[in-house]
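Asker: Provided herewith is a single structure, encoded as structure tokens, for subsequent inquiry.
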Amino acid sequence: MKGKLFAMCLSALTALALYVPAARAVDASTPPDQLVRDVTTDVLNILRTDQNLQSGDNAKVVELINAKVLPHFNFRRMTSLAVGKDWRSATAEQQSRLTEAFRTLLVRTYSNALTQYRNEIIDFKPFRANAGDKQVKVGTEARQPGGQPIPIDYMLENSPQGWKVFDVVVAGVSLVTNYRGNFADEIRTKGIDGLIASIESKNQSLEKK
Amino acid sequence: MNKSLRLCLVCAAALLAGGCASVPTSDPDDPLEKINRPMFKFNERLDKWTTRPLAKVWVWVAPKPVRAWAANFFGNLADPWIGVNNLLQGKPADALNDWMRFVFNSTLGLGGLLDIASEAGMPKHDEDFGQTLAVWGVPDGIFVVLPVLGPRTLRDAAAAPVDLVADSYVARELIYHDNIRERNAFIGGRAVSARSQYLGIERTLNEGTLDKYRFARDFYRQQRRAKIYDGNPLHEYEDFDAPDDGDDQAEQAAAPQPEAQQPEPQQTGEEP
């Protein structure tokens, strides 16, 4: 029953998104749970309805992600968490190059993943936070037949520009800090510049495909 | 004599140390990395030539609702053993929920094709004997990659035979009895159905990581930990930029500023 209700809400939202797109603009004052809900619903709707995106036009998906999703992420914070304590010893220039390279890596990888899972039904879990919280978790779940729903949690931090996502936790695994071991290995053997070179060359090799 | 004996000892010690150092692991929980990596690769190839193509065919021939029925069907047969594990972990209410699910879905849910129990507020759980052992206090142990079955902690590898036997009990009693061919079809079908739900995963792993094995290993271990705590693991987020930390602020001020911020001082100088 709950599923039916949700589907109805979703189609109502779809209608809204299609006919009054400007009415649901997300700005700095948007509360975190609503922000995640709006962006998720928005992106899934576009992925489901746009013909080009359905046929797997990757450039278009990345474009969509750039416009709709990226403004709500704090990539500098994400990169620092992925790198770990070596972040402190990186120069400002290394930090910005790392952030740029890691952003490119994440965006391409997860835009591919998004097109794969666009037909999944996402449920939003009840949101719990106190008024003064600087850091909150917005919980969602992807349904999967025959299995427990997969929890997808968004970690957000408050900033003058509004709430920004700095981690996505899928099935209890932080997609950001899961890179830490891998990155630490690279830094240990090749230094911070070596890590930057590794990510950049990975990005380039994928661009050619 | 004494000298040469000492030399021998030094040589032996060096050899031993060299032997230890030649294991390329940087992770104390993965001393078998040298064996695990090739096994990981072997499993990947096996998947590439068997389960993955079959799963692709399945997605191609079967419409989405049919695939959901199949997944529900296999999932339903797993619920009784999930319930037993919940009971063993001291969660009788969850155990009861799982067995009720099995009863509801097997009957009103048309033999498990439909998951009406979830709709009725009885959520699906995910438990196995490895998790039960963990709740009983058995530590993770080292990381191993089993042939066909894939990544496991040592504890979960030890629990795997128990899960395999116990999990197949219900299916054997109800579905394939002692017919070997039907049993194989059942196991194969279950694997293909499960695989078809994660067809994009190898692409994400190939494109999104620098070291696939390393990422998969860390992911597996974190995800197991989350399952053991039933989805309530605690993540601690450090602040490596730490603007309120005196040392770091000094460091940042000394470091060259990013390009975008450089022209600023000049502008402020011209303004008045």
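Following the order of the structure tokens, chains are lettered A, B, ..., residues in each are numbered from 1, and ligands are numbered from 1.
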Starting from chain A, keep only residues with some atom at most 6 Å from an atom of chain B, counting only C-alpha atoms, and report them as a PDB file with all heavy atoms, in the first residue's frame.

Answerer:
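Done, and the output landed in iface_36.pdb:
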ATOM      1  N   MET A   1       0.839  -1.212   0.000  1.00  0.00           N
ATOM      2  CA  MET A   1       0.000   0.000   0.000  1.00  0.00           C
ATOM      3  C   MET A   1       0.864   1.247   0.000  1.00  0.00           C
ATOM      4  O   MET A   1       0.656   2.184  -0.731  1.00  0.00           O
ATOM      5  CB  MET A   1      -0.913   0.023   1.240  1.00  0.00           C
ATOM      6  CG  MET A   1      -2.187  -0.808   1.106  1.00  0.00           C
ATOM      7  SD  MET A   1      -3.261  -0.348  -0.293  1.00  0.00           S
ATOM      8  CE  MET A   1      -2.913  -1.618  -1.472  1.00  0.00           C
ATOM      9  N   THR A 109      32.149   8.210 -13.310  1.00  0.00           N
ATOM     10  CA  THR A 109      31.794   6.885 -12.813  1.00  0.00           C
ATOM     11  C   THR A 109      30.342   6.824 -12.377  1.00  0.00           C
ATOM     12  O   THR A 109      29.598   5.919 -12.749  1.00  0.00           O
ATOM     13  CB  THR A 109      32.678   6.529 -11.606  1.00  0.00           C
ATOM     14  OG1 THR A 109      34.028   6.717 -11.982  1.00  0.00           O
ATOM     15  CG2 THR A 109      32.474   5.093 -11.208  1.00  0.00           C
ATOM     16  N   PRO A 145      14.059  -6.181  -5.813  1.00  0.00           N
ATOM     17  CA  PRO A 145      13.228  -7.364  -5.609  1.00  0.00           C
ATOM     18  C   PRO A 145      14.051  -8.517  -5.048  1.00  0.00           C
ATOM     19  O   PRO A 145      15.188  -8.728  -5.443  1.00  0.00           O
ATOM     20  CB  PRO A 145      12.722  -7.702  -7.018  1.00  0.00           C
ATOM     21  CG  PRO A 145      13.575  -6.939  -7.966  1.00  0.00           C
ATOM     22  CD  PRO A 145      14.105  -5.762  -7.214  1.00  0.00           C
ATOM     23  N   GLY A 146      13.462  -9.246  -4.082  1.00  0.00           N
ATOM     24  CA  GLY A 146      14.113 -10.424  -3.536  1.00  0.00           C
ATOM     25  C   GLY A 146      15.197 -10.125  -2.533  1.00  0.00           C
ATOM     26  O   GLY A 146      15.849 -11.041  -2.058  1.00  0.00           O
ATOM     27  N   GLN A 148      16.905  -7.164   0.628  1.00  0.00           N
ATOM     28  CA  GLN A 148      16.689  -6.020   1.502  1.00  0.00           C
ATOM     29  C   GLN A 148      16.944  -4.745   0.691  1.00  0.00           C
ATOM     30  O   GLN A 148      17.869  -4.722  -0.124  1.00  0.00           O
ATOM     31  CB  GLN A 148      17.723  -6.112   2.626  1.00  0.00           C
ATOM     32  CG  GLN A 148      17.347  -5.413   3.881  1.00  0.00           C
ATOM     33  CD  GLN A 148      18.419  -5.593   4.950  1.00  0.00           C
ATOM     34  OE1 GLN A 148      19.598  -5.782   4.643  1.00  0.00           O
ATOM     35  NE2 GLN A 148      18.011  -5.537   6.191  1.00  0.00           N
ATOM     36  N   GLY A 172      26.111   1.069   3.754  1.00  0.00           N
ATOM     37  CA  GLY A 172      27.005   1.210   4.899  1.00  0.00           C
ATOM     38  C   GLY A 172      28.442   1.524   4.532  1.00  0.00           C
ATOM     39  O   GLY A 172      29.295   1.609   5.405  1.00  0.00           O
ATOM     40  N   VAL A 173      28.724   1.675   3.238  1.00  0.00           N
ATOM     41  CA  VAL A 173      30.096   1.951   2.815  1.00  0.00           C
ATOM     42  C   VAL A 173      30.191   3.380   2.319  1.00  0.00           C
ATOM     43  O   VAL A 173      29.453   3.780   1.412  1.00  0.00           O
ATOM     44  CB  VAL A 173      30.543   0.993   1.696  1.00  0.00           C
ATOM     45  CG1 VAL A 173      31.989   1.265   1.321  1.00  0.00           C
ATOM     46  CG2 VAL A 173      30.373  -0.448   2.125  1.00  0.00           C
TER      47      VAL A 173
END

Asker: If we count only C-alpha atoms and set the cut-off at 8 Å, which residues sit around region 79-86 of chain A, ignoring sequence neighbours fewer than 2 positions away in its own chain? Please answer as a list in words.

Answerer: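 That gives Phe75, Arg76, Arg77, Arg88, Ser89, Ala90, Leu98, Thr99, Phe102, Val176, Thr177, Asn178, Tyr179, Arg180, Phe183 and Ala184 of chain A; Tyr237, Glu238, Asp239, Phe240 and Asp241 of chain B.
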
Asker: As a PyMOL selection string, which residues of region 13-236 of chain B does DSSP assign to alpha helix (DSSP H)?

Answerer: chain B and resi 13-21+33-49+51-61+64-88+92-107+116-119+129-135+154-171+180-196+201-208+212-228

Asker: I'd like to know which of B:Val138, B:Ala117, B:Ala55, B:Leu108 is closest to Leu154 (chain B), using only C-alpha atoms.

Answerer: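 Selected residue with least distance to Leu154 (chain B): B:Val138.
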
Asker: Which neighbours of region 59-72 of chain A fall inside 12 Å, counting only C-alpha atoms, when residues of the same chain fewer than 6 positions from it are skipped, and could you give them as a ChimeraX atom specification?

Answerer: /A:25-28,30,32,35-48,50-53,103-116,118,154-159,161-167,207

Asker: So that I can check the surroundings of Val165 (chain B), please list as a PyMOL selection string every protein, DNA and RNA residue that reaches within 12 Å of it, counting only C-alpha atoms and ignoring chain neighbours fewer than 5 positions away.

Answerer: chain B and resi 78+81+128-129+159-160+170-172

Asker: Residues of region 90-250 of chain B classed as strand (DSSP E or B) by DSSP on the backbone are to be reported as a ChimeraX atom specification.

Answerer: /B:143-146,150-153

Asker: Extract, using only C-alpha atoms, all DNA, RNA and protein residues at most 9 Å from Ile175 (chain B), discarding same-chain residues fewer than 6 positions from it, and format them as a short mmCIF file (atom, residue, chain, number, x, y, z; two decimals) with N, CA and C atoms, in the first residue's frame.

Answerer:
data_model
loop_
_atom_site.label_atom_id
_atom_site.label_comp_id
_atom_site.auth_asym_id
_atom_site.auth_seq_id
_atom_site.Cartn_x
_atom_site.Cartn_y
_atom_site.Cartn_z
N GLU B 182 17.67 -30.68 -11.47
CA GLU B 182 16.81 -29.55 -11.03
C GLU B 182 17.53 -28.69 -10.01
N ARG B 183 18.32 -29.35 -9.17
CA ARG B 183 19.07 -28.58 -8.18
C ARG B 183 20.05 -27.64 -8.86
N PHE B 186 18.36 -24.79 -10.37
CA PHE B 186 17.92 -23.85 -9.34
C PHE B 186 19.08 -22.94 -8.92
#

Asker: Given the choices A:Ile192, A:Leu175, A:Val138, A:Ile122, which gets closest to Pro31 (chain A) if the distance is worked out from only C-alpha atoms?

Answerer: A:Val138

Asker: Mind pulling up the distance from CA of Val148 (chain B) to CA of Lys56 (chain B)?

Answerer: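 Atom-to-atom, CA of Lys56 (chain B) and CA of Val148 (chain B) are spaced 18.8 Å apart.
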
Asker: In Å, how far is it from CA of Ile196 (chain A) to CA of Lys208 (chain A)?

Answerer: 18.7 Å

Asker: Any idea what the distance is between CA of Ser168 (chain B) and CA of Ala62 (chain B)?

Answerer: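 Those two atoms sit 25.2 Å apart.
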
Asker: Show me, as a PyMOL selection string, the residues that have an atom within 10 Å of Pro80 (chain B) when counting only C-alpha atoms, minus same-chain residues fewer than 3 positions from it.

Answerer: chain B and resi 76-77+83-86+95-103+166-167+169-170
